[in-house]
>>> print(open('protein.json').read())   # JSON, C-alpha atoms
[["chain", "number", "residue", "atom", "x", "y", "z"],
["A", 25, "MET", "CA", 0.00, 0.00, 0.00],
["A", 26, "PRO", "CA", 1.53, 3.36, -0.98],
["A", 27, "ILE", "CA", 1.82, 6.28, 1.37],
["A", 28, "SER", "CA", -1.50, 7.97, 2.22],
["A", 29, "SER", "CA", -3.02, 10.36, 4.73],
["A", 30, "GLU", "CA", -3.40, 7.37, 7.06],
["A", 31, "HIS", "CA", 0.35, 7.61, 7.68],
["A", 32, "ALA", "CA", 0.15, 11.15, 9.07],
["A", 33, "GLY", "CA", 1.18, 11.08, 12.71],
["A", 34, "ARG", "CA", 3.65, 8.24, 12.29],
["A", 35, "ARG", "CA", 6.88, 8.84, 14.20],
["A", 36, "TYR", "CA", 10.14, 6.99, 13.92],
["A", 37, "PRO", "CA", 12.64, 6.15, 16.67],
["A", 38, "ALA", "CA", 15.18, 8.84, 17.47],
["A", 39, "SER", "CA", 18.52, 8.65, 15.69],
["A", 40, "ALA", "CA", 21.85, 7.97, 17.33],
["A", 41, "PRO", "CA", 23.37, 11.28, 18.45],
["A", 42, "TYR", "CA", 25.26, 13.39, 15.89],
["A", 43, "GLU", "CA", 28.18, 15.25, 17.45],
["A", 44, "VAL", "CA", 28.70, 18.79, 16.12],
["A", 45, "SER", "CA", 32.39, 19.57, 15.58],
["A", 46, "ARG", "CA", 34.36, 22.74, 15.04],
["A", 47, "ALA", "CA", 35.86, 21.24, 11.86],
["A", 48, "LYS", "CA", 32.46, 20.44, 10.35],
["A", 49, "ILE", "CA", 31.17, 23.93, 11.15],
["A", 50, "ALA", "CA", 34.21, 25.45, 9.37],
["A", 51, "GLU", "CA", 33.75, 23.12, 6.39],
["A", 52, "PHE", "CA", 30.04, 23.94, 6.13],
["A", 53, "ALA", "CA", 30.55, 27.72, 6.39],
["A", 54, "ALA", "CA", 33.26, 27.54, 3.71],
["A", 55, "ALA", "CA", 30.91, 25.60, 1.41],
["A", 56, "LEU", "CA", 28.31, 28.35, 1.84],
["A", 57, "GLY", "CA", 30.99, 30.94, 1.12],
["A", 58, "ASP", "CA", 30.11, 32.65, 4.39],
["A", 59, "ASP", "CA", 32.99, 34.13, 6.41],
["A", 60, "ASN", "CA", 30.84, 35.46, 9.28],
["A", 61, "PRO", "CA", 33.27, 35.49, 12.27],
["A", 62, "ALA", "CA", 30.58, 33.80, 14.40],
["A", 63, "TYR", "CA", 31.35, 30.54, 12.56],
["A", 64, "SER", "CA", 35.06, 30.50, 13.54],
["A", 65, "GLY", "CA", 37.26, 31.49, 16.47],
["A", 66, "ASP", "CA", 37.22, 30.19, 20.02],
["A", 67, "GLN", "CA", 33.47, 29.74, 20.46],
["A", 68, "PRO", "CA", 31.94, 29.18, 17.04],
["A", 69, "VAL", "CA", 28.27, 28.57, 16.35],
["A", 70, "ALA", "CA", 27.07, 26.58, 13.35],
["A", 71, "PRO", "CA", 25.41, 28.38, 10.43],
["A", 72, "PRO", "CA", 21.64, 28.02, 11.00],
["A", 73, "THR", "CA", 21.08, 25.68, 8.04],
["A", 74, "PHE", "CA", 23.77, 23.30, 9.39],
["A", 75, "ALA", "CA", 20.72, 21.65, 10.99],
["A", 76, "ALA", "CA", 19.86, 20.31, 7.51],
["A", 77, "ILE", "CA", 22.82, 17.89, 7.63],
["A", 78, "ILE", "CA", 21.40, 16.19, 10.70],
["A", 79, "ALA", "CA", 17.76, 16.43, 9.60],
["A", 80, "ALA", "CA", 18.53, 14.84, 6.22],
["A", 81, "GLN", "CA", 20.21, 11.90, 7.92],
["A", 82, "ALA", "CA", 16.93, 11.29, 9.75],
["A", 83, "TRP", "CA", 15.16, 11.00, 6.38],
["A", 84, "GLU", "CA", 16.64, 7.51, 6.11],
["A", 85, "ALA", "CA", 13.94, 6.29, 8.51],
["A", 86, "LEU", "CA", 11.25, 7.52, 6.08],
["A", 87, "PHE", "CA", 12.79, 6.07, 2.93],
["A", 88, "GLY", "CA", 13.64, 2.87, 4.79],
["A", 89, "ASP", "CA", 9.99, 2.30, 5.76],
["A", 90, "ALA", "CA", 9.03, -0.34, 3.17],
["A", 91, "GLU", "CA", 5.33, 0.14, 3.84],
["A", 92, "LEU", "CA", 5.41, 3.67, 2.36],
["A", 93, "GLY", "CA", 7.06, 2.72, -0.94],
["A", 94, "LEU", "CA", 9.01, 5.99, -1.18],
["A", 95, "ALA", "CA", 12.12, 6.19, -3.40],
["A", 96, "LEU", "CA", 14.67, 8.92, -2.76],
["A", 97, "HIS", "CA", 15.60, 9.21, -6.45],
["A", 98, "ARG", "CA", 11.97, 10.01, -7.36],
["A", 99, "THR", "CA", 11.68, 12.63, -4.62],
["A", 100, "MET", "CA", 12.06, 16.40, -4.92],
["A", 101, "HIS", "CA", 12.45, 18.82, -2.07],
["A", 102, "GLY", "CA", 9.48, 21.17, -2.38],
["A", 103, "ASP", "CA", 10.00, 23.53, 0.51],
["A", 104, "GLN", "CA", 11.89, 23.83, 3.78],
["A", 105, "GLN", "CA", 11.15, 25.55, 7.07],
["A", 106, "PHE", "CA", 13.46, 25.84, 10.06],
["A", 107, "ASP", "CA", 12.45, 27.06, 13.51],
["A", 108, "PHE", "CA", 15.57, 27.72, 15.55],
["A", 109, "HIS", "CA", 15.61, 27.64, 19.34],
["A", 110, "ARG", "CA", 19.36, 28.12, 19.74],
["A", 111, "PRO", "CA", 22.44, 27.77, 17.52],
["A", 112, "LEU", "CA", 24.28, 24.46, 17.38],
["A", 113, "VAL", "CA", 27.76, 24.57, 18.93],
["A", 114, "PRO", "CA", 30.74, 22.19, 18.95],
["A", 115, "GLY", "CA", 30.20, 19.27, 21.29],
["A", 116, "ASP", "CA", 26.40, 19.23, 20.93],
["A", 117, "GLN", "CA", 25.13, 15.67, 20.75],
["A", 118, "VAL", "CA", 22.12, 16.16, 18.50],
["A", 119, "VAL", "CA", 19.32, 13.60, 18.39],
["A", 120, "ALA", "CA", 16.92, 13.72, 15.44],
["A", 121, "GLN", "CA", 13.40, 12.32, 15.41],
["A", 122, "LEU", "CA", 11.31, 12.27, 12.26],
["A", 123, "GLY", "CA", 7.54, 12.34, 12.10],
["A", 124, "ILE", "CA", 5.11, 12.43, 9.20],
["A", 125, "GLU", "CA", 2.86, 15.45, 9.61],
["A", 126, "ARG", "CA", 0.70, 15.41, 6.51],
["A", 127, "VAL", "CA", 0.26, 13.42, 3.30],
["A", 128, "ARG", "CA", -1.62, 14.54, 0.20],
["A", 129, "ASN", "CA", -1.94, 12.45, -2.95],
["A", 130, "ARG", "CA", -2.63, 13.97, -6.36],
["A", 131, "GLY", "CA", -2.53, 11.59, -9.30],
["A", 132, "ASN", "CA", 0.83, 9.84, -9.09],
["A", 133, "LEU", "CA", 2.29, 12.54, -6.85],
["A", 134, "ASP", "CA", 2.58, 12.22, -3.09],
["A", 135, "MET", "CA", 3.17, 15.43, -1.16],
["A", 136, "VAL", "CA", 4.62, 14.43, 2.19],
["A", 137, "THR", "CA", 5.24, 16.95, 4.96],
["A", 138, "ILE", "CA", 7.74, 15.69, 7.50],
["A", 139, "VAL", "CA", 9.07, 17.30, 10.65],
["A", 140, "VAL", "CA", 12.46, 16.47, 12.13],
["A", 141, "GLU", "CA", 12.81, 17.57, 15.74],
["A", 142, "LEU", "CA", 16.43, 18.11, 16.79],
["A", 143, "THR", "CA", 17.19, 17.98, 20.49],
["A", 144, "VAL", "CA", 20.28, 18.12, 22.68],
["A", 145, "GLU", "CA", 19.92, 16.37, 26.04],
["A", 146, "GLY", "CA", 16.17, 16.44, 25.57],
["A", 147, "GLU", "CA", 16.02, 20.20, 24.95],
["A", 148, "PRO", "CA", 14.70, 21.33, 21.53],
["A", 149, "VAL", "CA", 17.30, 23.14, 19.41],
["A", 150, "CYS", "CA", 15.68, 23.17, 15.97],
["A", 151, "SER", "CA", 12.62, 21.96, 14.16],
["A", 152, "ALA", "CA", 13.02, 21.24, 10.43],
["A", 153, "ARG", "CA", 9.83, 20.88, 8.38],
["A", 154, "SER", "CA", 10.08, 19.73, 4.77],
["A", 155, "THR", "CA", 7.59, 19.11, 2.01],
["A", 156, "LEU", "CA", 8.78, 16.28, -0.19],
["A", 157, "ILE", "CA", 7.21, 15.68, -3.60],
["A", 158, "HIS", "CA", 7.38, 12.02, -4.52],
["A", 159, "THR", "CA", 6.51, 10.63, -7.94],
["A", 160, "ARG", "CA", 5.10, 7.13, -7.83],
["A", 161, "GLU", "CA", 6.60, 4.58, -10.16],
["A", 162, "GLU", "CA", 4.39, 4.12, -13.22],
["A", 163, "ALA", "CA", 2.67, 0.76, -13.28],
["A", 164, "ALA", "CA", 4.39, -1.42, -15.87],
["B", 7, "MET", "CA", 16.48, 48.11, 10.61],
["B", 8, "ASN", "CA", 13.15, 49.69, 9.62],
["B", 9, "VAL", "CA", 10.12, 48.48, 7.73],
["B", 10, "GLY", "CA", 10.83, 48.78, 4.02],
["B", 11, "ASP", "CA", 14.64, 48.65, 4.38],
["B", 12, "THR", "CA", 16.26, 46.33, 1.89],
["B", 13, "ARG", "CA", 19.66, 44.71, 1.37],
["B", 14, "GLU", "CA", 21.15, 42.85, -1.57],
["B", 15, "LEU", "CA", 23.88, 40.23, -1.73],
["B", 16, "THR", "CA", 25.42, 38.47, -4.73],
["B", 17, "VAL", "CA", 26.89, 35.03, -4.07],
["B", 18, "PRO", "CA", 29.04, 33.39, -6.77],
["B", 19, "VAL", "CA", 28.82, 29.63, -7.21],
["B", 20, "THR", "CA", 31.17, 27.39, -9.17],
["B", 21, "ARG", "CA", 31.35, 23.61, -9.65],
["B", 22, "SER", "CA", 34.08, 23.61, -7.02],
["B", 23, "ARG", "CA", 31.75, 25.18, -4.47],
["B", 24, "VAL", "CA", 28.99, 22.69, -5.29],
["B", 25, "VAL", "CA", 31.38, 19.78, -4.72],
["B", 26, "ARG", "CA", 32.46, 21.38, -1.46],
["B", 27, "TYR", "CA", 28.81, 21.57, -0.37],
["B", 28, "SER", "CA", 28.28, 17.90, -1.27],
["B", 29, "GLY", "CA", 31.08, 17.00, 1.12],
["B", 30, "ALA", "CA", 30.07, 19.42, 3.85],
["B", 31, "SER", "CA", 26.40, 18.42, 3.77],
["B", 32, "THR", "CA", 26.99, 14.72, 2.93],
["B", 33, "ASP", "CA", 24.42, 15.03, 0.12],
["B", 34, "PHE", "CA", 26.16, 13.09, -2.65],
["B", 35, "ASN", "CA", 23.31, 13.05, -5.17],
["B", 36, "GLU", "CA", 25.05, 12.64, -8.57],
["B", 37, "ILE", "CA", 23.15, 15.55, -10.14],
["B", 38, "HIS", "CA", 25.42, 17.83, -8.11],
["B", 39, "PHE", "CA", 28.64, 16.66, -9.81],
["B", 40, "SER", "CA", 27.75, 14.71, -12.97],
["B", 41, "ASP", "CA", 26.28, 16.33, -16.09],
["B", 42, "ARG", "CA", 25.35, 12.84, -17.27],
["B", 43, "HIS", "CA", 23.17, 12.19, -14.22],
["B", 44, "ALA", "CA", 21.70, 15.71, -14.29],
["B", 45, "ARG", "CA", 20.69, 15.37, -17.96],
["B", 46, "ALA", "CA", 19.18, 11.95, -17.29],
["B", 47, "ILE", "CA", 16.50, 13.63, -15.19],
["B", 48, "GLY", "CA", 15.93, 16.49, -17.61],
["B", 49, "LEU", "CA", 18.25, 19.14, -16.17],
["B", 50, "PRO", "CA", 20.59, 21.05, -18.50],
["B", 51, "GLY", "CA", 23.60, 20.11, -16.36],
["B", 52, "VAL", "CA", 24.96, 20.03, -12.83],
["B", 53, "VAL", "CA", 22.84, 22.04, -10.37],
["B", 54, "ALA", "CA", 23.59, 23.44, -6.94],
["B", 55, "HIS", "CA", 21.91, 21.82, -3.95],
["B", 56, "GLY", "CA", 18.62, 23.47, -3.04],
["B", 57, "MET", "CA", 19.88, 23.52, 0.53],
["B", 58, "TRP", "CA", 23.00, 25.39, -0.63],
["B", 59, "THR", "CA", 20.82, 27.99, -2.34],
["B", 60, "MET", "CA", 18.82, 28.30, 0.87],
["B", 61, "GLY", "CA", 21.82, 28.36, 3.20],
["B", 62, "ALA", "CA", 23.94, 30.77, 1.17],
["B", 63, "GLY", "CA", 21.00, 33.15, 0.92],
["B", 64, "LEU", "CA", 20.52, 33.48, 4.64],
["B", 65, "ARG", "CA", 23.76, 35.48, 4.67],
["B", 66, "VAL", "CA", 21.87, 38.49, 3.30],
["B", 67, "VAL", "CA", 20.06, 38.43, 6.66],
["B", 68, "THR", "CA", 22.90, 37.38, 9.00],
["B", 69, "ASP", "CA", 25.32, 39.98, 7.55],
["B", 70, "TRP", "CA", 22.62, 42.53, 8.32],
["B", 71, "VAL", "CA", 21.85, 41.53, 11.92],
["B", 72, "GLY", "CA", 25.43, 40.42, 12.65],
["B", 73, "ASP", "CA", 24.77, 37.55, 15.02],
["B", 74, "PRO", "CA", 23.34, 34.43, 13.31],
["B", 75, "ALA", "CA", 21.83, 33.41, 16.67],
["B", 76, "ARG", "CA", 19.21, 36.11, 16.09],
["B", 77, "VAL", "CA", 17.61, 34.07, 13.30],
["B", 78, "LEU", "CA", 14.40, 32.53, 14.67],
["B", 79, "SER", "CA", 12.96, 30.94, 11.53],
["B", 80, "TYR", "CA", 13.64, 30.57, 7.83],
["B", 81, "PHE", "CA", 11.40, 29.25, 5.06],
["B", 82, "VAL", "CA", 11.93, 28.77, 1.34],
["B", 83, "ARG", "CA", 10.13, 27.09, -1.52],
["B", 84, "PHE", "CA", 12.46, 25.52, -4.08],
["B", 85, "THR", "CA", 11.15, 26.81, -7.40],
["B", 86, "ARG", "CA", 14.03, 26.30, -9.86],
["B", 87, "PRO", "CA", 17.46, 24.72, -9.57],
["B", 88, "VAL", "CA", 20.59, 26.85, -9.93],
["B", 89, "VAL", "CA", 22.38, 25.48, -12.98],
["B", 90, "VAL", "CA", 26.16, 25.78, -12.54],
["B", 91, "PRO", "CA", 28.17, 25.78, -15.77],
["B", 92, "ASP", "CA", 31.60, 24.11, -15.86],
["B", 93, "THR", "CA", 33.51, 27.38, -16.21],
["B", 94, "ASP", "CA", 35.90, 29.30, -13.97],
["B", 95, "GLU", "CA", 33.19, 31.90, -13.31],
["B", 96, "GLY", "CA", 30.31, 29.49, -12.74],
["B", 97, "THR", "CA", 27.21, 31.55, -12.04],
["B", 98, "GLU", "CA", 25.84, 33.76, -9.29],
["B", 99, "VAL", "CA", 22.72, 34.08, -7.21],
["B", 100, "VAL", "CA", 21.43, 37.52, -6.27],
["B", 101, "TYR", "CA", 19.54, 37.66, -2.98],
["B", 102, "THR", "CA", 17.49, 40.52, -1.56],
["B", 103, "ALA", "CA", 15.96, 40.84, 1.89],
["B", 104, "THR", "CA", 13.28, 43.41, 2.75],
["B", 105, "VAL", "CA", 11.84, 44.17, 6.17],
["B", 106, "ALA", "CA", 8.09, 43.50, 5.99],
["B", 107, "SER", "CA", 7.23, 44.17, 9.64],
["B", 108, "ILE", "CA", 8.73, 44.64, 13.09],
["B", 109, "GLU", "CA", 6.67, 43.66, 16.10],
["B", 110, "ASP", "CA", 7.59, 42.73, 19.67],
["B", 111, "GLY", "CA", 11.30, 42.84, 18.84],
["B", 112, "VAL", "CA", 10.97, 40.44, 15.91],
["B", 113, "ALA", "CA", 11.50, 41.55, 12.32],
["B", 114, "LYS", "CA", 9.90, 39.60, 9.49],
["B", 115, "LEU", "CA", 11.85, 39.74, 6.24],
["B", 116, "THR", "CA", 10.88, 38.66, 2.77],
["B", 117, "ILE", "CA", 13.71, 37.24, 0.67],
["B", 118, "THR", "CA", 14.15, 36.83, -3.06],
["B", 119, "ALA", "CA", 16.77, 34.81, -4.93],
["B", 120, "THR", "CA", 17.40, 35.07, -8.65],
["B", 121, "CYS", "CA", 19.88, 33.43, -11.01],
["B", 122, "GLY", "CA", 19.97, 35.08, -14.42],
["B", 123, "ASP", "CA", 16.41, 36.31, -14.83],
["B", 124, "GLU", "CA", 14.79, 33.47, -12.96],
["B", 125, "ALA", "CA", 13.60, 33.20, -9.38],
["B", 126, "VAL", "CA", 15.24, 30.16, -7.79],
["B", 127, "LEU", "CA", 13.50, 30.44, -4.41],
["B", 128, "GLY", "CA", 9.86, 31.33, -3.81],
["B", 129, "ALA", "CA", 7.96, 32.78, -0.87],
["B", 130, "ALA", "CA", 11.21, 32.92, 1.11],
["B", 131, "LYS", "CA", 11.06, 34.60, 4.51],
["B", 132, "ALA", "CA", 12.91, 34.78, 7.78],
["B", 133, "GLU", "CA", 12.22, 36.05, 11.27],
["B", 134, "VAL", "CA", 15.01, 37.66, 13.29],
["B", 135, "ARG", "CA", 15.21, 38.99, 16.82],
["B", 136, "VAL", "CA", 16.15, 42.67, 16.65],
["B", 137, "ALA", "CA", 15.72, 43.70, 20.28]]
>>> encode(input="protein.json", output="structure tokens")
Amino acid sequence: MPISSEHAGRRYPASAPYEVSRAKIAEFAAALGDDNPAYSGDQPVAPPTFAAIIAAQAWEALFGDAELGLALHRTMHGDQQFDFHRPLVPGDQVVAQLGIERVRNRGNLDMVTIVVELTVEGEPVCSARSTLIHTREEAA
Amino acid sequence: MNVGDTRELTVPVTRSRVVRYSGASTDFNEIHFSDRHARAIGLPGVVAHGMWTMGAGLRVVTDWVGDPARVLSYFVRFTRPVVVPDTDEGTEVVYTATVASIEDGVAKLTITATCGDEAVLGAAKAEVRVA
């Protein structure tokens, strides 16, 4: 059975913690071409969209759920929302938990809204909401 | 920062930067380094990551407010991919941010992103703490 609105509300187990490092923050800021001094020095913070690295790793739970029949290579990222509670800093052990918020089907398109909650020691640090547009495989 | 104030930022992007973002983000989708894979799904060639286009654009806001910790929320719709030619110059994305409102110490900004003549992000907006 393909993904449908019945799957809204499904939540997956939390990921193993991702440890934020100074080196990864520097690498990410360089890739953005952003030399804001806040991202380097003695007490750097991560660029806000660094959270996407950790959120995207949590997507594996969604694409690994055989019941949904979702294929990453037939999926487009429609939109992205971040709500930030505090910046990520080196040493943060970030746990990501993915939930399906909403599913709409139109023809062979599935529009799936997912929310990844990022927490450090149980405290929320960022919420990442994505709409994914999935094209179902044409019946042979 | 006052309602109606606007800022602009141009961010260059080359193949080298796209590869760098693949590594930094761990998104190794082949369309971000292989023309062959990009063309197979109907793109003209290698494209930047949507998340790069989103992340690089936030700088128009963070350069303005200084401290990135002031950013409370950020939303974008991915409307068109940024096609990055295999040249030394690559291409560039022009971002603008405009203050739409300020209330209770929080400024709401609308953001645009264009590459060539085309909008690459839609309905983009951010909220920042200004007091």
>>> closest_residue(input="protein.json", among="B:Val9, B:Val112, B:Ala75, B:Val25", to="Phe52 in chain A", atoms="all atoms listed in the file")
B:Val25
>>> closest_residue(input="protein.json", among="B:Arg135, B:Arg21, B:Arg42, B:Arg26", to="chain A", atoms="all atoms listed in the file")
B:Arg26
>>> closest_atom_pairs(input="protein.json", of="chain B", to="chain A", cutoff="8 Å", atoms="all atoms listed in the file", output="tab-separated table")
residue	atom	partner	partner_atom	distance
B:Val17	CA	A:Gly57	CA	7.8
B:Arg23	CA	A:Ala55	CA	6.0
B:Val24	CA	A:Ala55	CA	7.6
B:Arg26	CA	A:Ala55	CA	5.3
B:Tyr27	CA	A:Ala55	CA	4.9
B:Ala30	CA	A:Phe52	CA	5.1
B:Ser31	CA	A:Ile77	CA	5.3
B:Thr32	CA	A:Ile77	CA	7.0
B:Gly56	CA	A:His101	CA	7.8
B:Met57	CA	A:Ala76	CA	7.7
B:Trp58	CA	A:Leu56	CA	6.6
B:Met60	CA	A:Thr73	CA	8.0
B:Gly61	CA	A:Thr73	CA	5.6
B:Ala62	CA	A:Leu56	CA	5.0
B:Arg65	CA	A:Asp58	CA	7.0
B:Asp69	CA	A:Asn60	CA	7.3
B:Asp73	CA	A:Ala62	CA	6.9
B:Pro74	CA	A:Pro71	CA	7.0
B:Ala75	CA	A:Pro111	CA	5.7
B:Val77	CA	A:Phe108	CA	7.0
B:Leu78	CA	A:Phe108	CA	5.0
B:Ser79	CA	A:Asp107	CA	4.4
B:Tyr80	CA	A:Phe106	CA	5.2
B:Phe81	CA	A:Gln105	CA	4.2
B:Val82	CA	A:Gln104	CA	5.5
B:Arg83	CA	A:Asp103	CA	4.1
B:Phe84	CA	A:Gly102	CA	5.5
B:Thr85	CA	A:Gly102	CA	7.7
>>> atom_distance(input="protein.json", atom1="CA of Ala120 in chain A", atom2="CA of Trp83 in chain A")
9.6 Å
>>> closest_residue(input="protein.json", among="A:Gly123, A:Gly88, A:Gly115, A:Gly131", to="Arg34 in chain A", atoms="all atoms listed in the file")
A:Gly123
>>> closest_residue(input="protein.json", among="A:Arg128, A:Arg46, A:Arg35, A:Arg160", to="Leu86 in chain A", atoms="all atoms listed in the file")
A:Arg35
>>> residues_near_point(input="protein.json", point="(5.9, 42.8, 11.4)", cutoff="12 Å", atoms="all atoms listed in the file", output="ChimeraX atom specification")
/B:7-10,104-116,131-136
>>> atom_distance(input="protein.json", atom1="CA of Val139 in chain A", atom2="CA of Ala82 in chain A")
9.9 Å
>>> atom_distance(input="protein.json", atom1="CA of Ile138 in chain A", atom2="CA of Ser39 in chain A")
15.3 Å
>>> residues_around(input="protein.json", residues="Thr143 in chain A", least_positions_apart="2", cutoff="9 Å", atoms="only C-alpha atoms", output="list of chain:residue names")
A:Gln117, A:Val118, A:Val119, A:Ala120, A:Gln121, A:Glu141, A:Glu145, A:Gly146, A:Glu147, A:Pro148, A:Val149, A:Cys150, A:Ser151
>>> residues_around(input="protein.json", residues="Val52 in chain B", least_positions_apart="6", cutoff="10 Å", atoms="all atoms listed in the file", output="list in words")
Arg21, Val24, Glu36, Ile37, His38, Phe39, Ser40, Asp41, Arg42, His43, Ala44, Arg45, Pro87, Val88, Val89, Val90, Pro91 and Asp92 of chain B
>>> write_last_selection(input="protein.json", atoms="C-alpha atoms", output="mmCIF file, in the frame of the given file")
data_model
loop_
_atom_site.group_PDB
_atom_site.id
_atom_site.type_symbol
_atom_site.label_atom_id
_atom_site.label_comp_id
_atom_site.auth_asym_id
_atom_site.auth_seq_id
_atom_site.Cartn_x
_atom_site.Cartn_y
_atom_site.Cartn_z
ATOM 1 C CA ARG B 21 31.350 23.610 -9.650
ATOM 2 C CA VAL B 24 28.990 22.690 -5.290
ATOM 3 C CA GLU B 36 25.050 12.640 -8.570
ATOM 4 C CA ILE B 37 23.150 15.550 -10.140
ATOM 5 C CA HIS B 38 25.420 17.830 -8.110
ATOM 6 C CA PHE B 39 28.640 16.660 -9.810
ATOM 7 C CA SER B 40 27.750 14.710 -12.970
ATOM 8 C CA ASP B 41 26.280 16.330 -16.090
ATOM 9 C CA ARG B 42 25.350 12.840 -17.270
ATOM 10 C CA HIS B 43 23.170 12.190 -14.220
ATOM 11 C CA ALA B 44 21.700 15.710 -14.290
ATOM 12 C CA ARG B 45 20.690 15.370 -17.960
ATOM 13 C CA PRO B 87 17.460 24.720 -9.570
ATOM 14 C CA VAL B 88 20.590 26.850 -9.930
ATOM 15 C CA VAL B 89 22.380 25.480 -12.980
ATOM 16 C CA VAL B 90 26.160 25.780 -12.540
ATOM 17 C CA PRO B 91 28.170 25.780 -15.770
ATOM 18 C CA ASP B 92 31.600 24.110 -15.860
#
>>> axis_aligned_box(input="protein.json", around="range 114-123 of chain A", padding_each_side="3 Å", output="JSON")
{"center_x": 19.1, "center_y": 17.2, "center_z": 16.7, "size_x": 29.2, "size_y": 15.9, "size_z": 15.2}
>>> residues_around(input="protein.json", residues="range 93-102 of chain B", least_positions_apart="2", cutoff="7 Å", atoms="all atoms listed in the file", output="ChimeraX atom specification")
/B:12-21,63,66,90-91,104,117-121
>>> write_last_selection(input="protein.json", atoms="C-alpha atoms", output="PDB file, in the coordinates of the input")
ATOM      1  CA  THR B  12      16.260  46.330   1.890  1.00  0.00           C
ATOM      2  CA  ARG B  13      19.660  44.710   1.370  1.00  0.00           C
ATOM      3  CA  GLU B  14      21.150  42.850  -1.570  1.00  0.00           C
ATOM      4  CA  LEU B  15      23.880  40.230  -1.730  1.00  0.00           C
ATOM      5  CA  THR B  16      25.420  38.470  -4.730  1.00  0.00           C
ATOM      6  CA  VAL B  17      26.890  35.030  -4.070  1.00  0.00           C
ATOM      7  CA  PRO B  18      29.040  33.390  -6.770  1.00  0.00           C
ATOM      8  CA  VAL B  19      28.820  29.630  -7.210  1.00  0.00           C
ATOM      9  CA  THR B  20      31.170  27.390  -9.170  1.00  0.00           C
ATOM     10  CA  ARG B  21      31.350  23.610  -9.650  1.00  0.00           C
ATOM     11  CA  GLY B  63      21.000  33.150   0.920  1.00  0.00           C
ATOM     12  CA  VAL B  66      21.870  38.490   3.300  1.00  0.00           C
ATOM     13  CA  VAL B  90      26.160  25.780 -12.540  1.00  0.00           C
ATOM     14  CA  PRO B  91      28.170  25.780 -15.770  1.00  0.00           C
ATOM     15  CA  THR B 104      13.280  43.410   2.750  1.00  0.00           C
ATOM     16  CA  ILE B 117      13.710  37.240   0.670  1.00  0.00           C
ATOM     17  CA  THR B 118      14.150  36.830  -3.060  1.00  0.00           C
ATOM     18  CA  ALA B 119      16.770  34.810  -4.930  1.00  0.00           C
ATOM     19  CA  THR B 120      17.400  35.070  -8.650  1.00  0.00           C
ATOM     20  CA  CYS B 121      19.880  33.430 -11.010  1.00  0.00           C
TER      21      CYS B 121
END
>>> residues_around(input="protein.json", residues="Gly33 in chain A", least_positions_apart="5", cutoff="9 Å", atoms="all atoms listed in the file", output="list in words")
Gly123, Ile124, Glu125 and Arg126 of chain A
>>> closest_residue(input="protein.json", among="A:Leu156, A:Leu122, A:Ala85, A:Ala32", to="Val140 in chain A", atoms="all atoms listed in the file")
A:Leu122
